[in-house]
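Chemist: Sending over a structure as structure tokens; questions will come in a sec.
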Amino acid sequence: MLHLITGGSASGKSEYAESRVVESGQRERYYIACMRPYGEEGRERVRKHRAMREGKGFITIECYDHLSSLRFAGERTGRAILLECMSNLTANEQFGAGGTDEEIINRIVKGAASLCSQAENVWIVTNEVFSDGVQYDAETMRYLRLLGMVNQKLAEIADHITEVVYGIAVTIR
């Protein structure tokens, strides 16, 4: 089952996702960290997220791109995967792995489908970054379009979609 969780920056979506994984009762919990910790601000953000999930039974896997390369042994029953977060993965795929828009989107969606085939439940956290109305440079606009298209593709296949607004979970589907 795929759970897509979206929200603005610092909306509480990560805490919400982690609590859903823990409440699911699944004992095999994987946390796929997609953020490359650039600079002190990035390292601080990683420390914050590690502290948030401390003691919750997560096994952390750092995977910055090519999700399809991840393989989990054994049955998918009882396994939960939390991917944090799609906006970082999309940036890594665009600026690191590269390719056409179609190649990047297909690689990401294929990776998400691969995770779903290997776990009973998958939670994917993404960002709503489209409401500021600012016109950015061409590469940033491309990134925003890519993330928007990825979010749409994931929403098409998600069983549940939740937006977290000011720490309040709003069920979309």
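Lettering and numbering for the structure tokens are positional, with chains as A, B, ... in the shown order, residues counted from 1 in each chain, and ligands counted from 1 in the shown order.
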I'd like the neighbourhood of A:Arg107 as a short mmCIF file (atom, residue, chain, number, x, y, z; two decimals) with C-alpha atoms, in the first residue's frame, where a residue qualifies if any of its atoms comes within 8 Å (using only C-alpha atoms), though same-chain residues fewer than 3 positions away should be ignored.
Modeler:
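In the end it all went to out-v3.cif:
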```
data_model
loop_
_atom_site.label_atom_id
_atom_site.label_comp_id
_atom_site.auth_asym_id
_atom_site.auth_seq_id
_atom_site.Cartn_x
_atom_site.Cartn_y
_atom_site.Cartn_z
CA HIS A 66 18.24 5.19 -8.51
CA LEU A 67 15.74 3.77 -5.99
CA SER A 68 15.32 0.68 -8.15
CA GLU A 103 13.83 9.57 -18.13
CA ILE A 104 14.01 11.23 -14.70
CA LYS A 110 9.85 2.94 -11.31
CA GLY A 111 11.88 3.21 -8.10
#
```
Chemist: Just the alpha helix (DSSP H) stuff from stretch 29-161 of chain A, please, per backbone DSSP, written as number ranges by chain.
Modeler: A: 39-53, 86-92, 101-117, 138-157
Chemist: Against stretch 18-36 of chain A, which residues of stretch 65-117 of chain A fall within 7 Å? For each one I want the closest pair of atoms and the distance in Å (one decimal), counting only C-alpha atoms, rows by chain and increasing residue number, as CSV.
Modeler:
```
residue,atom,partner,partner_atom,distance
A:Gly78,CA,A:Gln26,CA,5.0
A:Arg79,CA,A:Glu28,CA,4.7
A:Ala80,CA,A:Arg29,CA,4.9
A:Ile81,CA,A:Tyr30,CA,4.7
A:Leu82,CA,A:Tyr31,CA,4.9
A:Leu83,CA,A:Ile32,CA,4.7
A:Glu84,CA,A:Ala33,CA,5.3
A:Cys85,CA,A:Cys34,CA,6.0
A:Asn88,CA,A:Met35,CA,5.4
A:Leu89,CA,A:Cys34,CA,5.5
```
Chemist: Tell me which of A:Ala119, A:Ala112, A:Ile105, A:Val125 sits closest to A:Met149, counting only C-alpha atoms.
Modeler: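 Smallest distance to A:Met149 is found for A:Ile105.
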Chemist: Quick one: DSSP strand (DSSP E or B) residues in chain A, as a ChimeraX atom specification?
Modeler: /A:2-7,28-33,58-62,79-84,121-125,160-165,168-171
Chemist: Tell me which protein, DNA and RNA residues are within 12 Å of A:Ala169, counting only C-alpha atoms, leaving out same-chain ones fewer than 2 positions away, and put them as a list in words.
Modeler: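 Once the adjacent positions are removed, what remains is Leu4, Ile5, Thr6, Gly7, Ser11, Gly12, Lys13, Ser14, Glu15, Tyr16, Ala17, Ser19, Arg20, Ile161, Thr162, Glu163, Val164, Val165, Tyr166, Gly167, Thr171, Ile172 and Arg173 of chain A.
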Chemist: Just the residues within 12 Å of A:Gly148, please, counting only C-alpha atoms, with nothing from its chain fewer than 6 positions along; format it as a list in words.
Modeler: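 Near neighbours after the sequence-gap exclusion: Thr6, Met86, Ser87, Thr90, Asp101, Ile105, Thr126, Asn127, Glu128, Val129, Phe130, Ser131, Met141, Arg142, Leu154 and Ala155 of chain A.
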Chemist: Those selected residues, please, written with C-alpha atoms and delivered as a tab-separated table (two decimals), in the first residue's frame.
Modeler:
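Result saved to part-v2.tsv:
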```tsv
chain	number	residue	atom	x	y	z
A	6	THR	CA	2.68	16.18	1.22
A	86	MET	CA	10.75	13.03	-2.84
A	87	SER	CA	11.84	16.64	-3.36
A	90	THR	CA	14.01	14.54	-7.57
A	101	ASP	CA	12.45	14.91	-18.07
A	105	ILE	CA	10.29	10.87	-14.01
A	126	THR	CA	7.07	15.03	-0.63
A	127	ASN	CA	6.88	18.80	-0.60
A	128	GLU	CA	4.32	21.27	-1.81
A	129	VAL	CA	6.64	23.92	-3.24
A	130	PHE	CA	4.45	25.46	-5.91
A	131	SER	CA	2.46	28.16	-4.12
A	141	MET	CA	11.64	25.93	-12.92
A	142	ARG	CA	12.51	22.60	-14.55
A	154	LEU	CA	2.67	9.09	-7.41
A	155	ALA	CA	-0.80	10.42	-6.57
```
Chemist: Give the answer as one residue: which of A:Leu115, A:Ala91, A:Gly74, A:Gly57 has the shortest atom-to-atom distance to A:Leu144, using only C-alpha atoms?
Modeler: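 When distances to A:Leu144 are compared using only C-alpha atoms, the smallest one comes from A:Ala91.
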Chemist: Quick one: distance from atom CA of A:His160 to atom CA of A:His3 in Å, one decimal?
Modeler: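 Separation between atom CA of A:His160 and atom CA of A:His3: 4.7 Å.
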Chemist: Give the answer as one residue: which of A:Leu146, A:Gly39, A:Ala158, A:Arg47 has the shortest atom-to-atom distance to A:Gly98, using only C-alpha atoms?
Modeler: A:Leu146
Chemist: Restricting the calculation to only C-alpha atoms, which member of A:Cys63, A:Val109, A:Val46, A:Met1 is positioned closest to A:Gln152?
Modeler: A:Val109
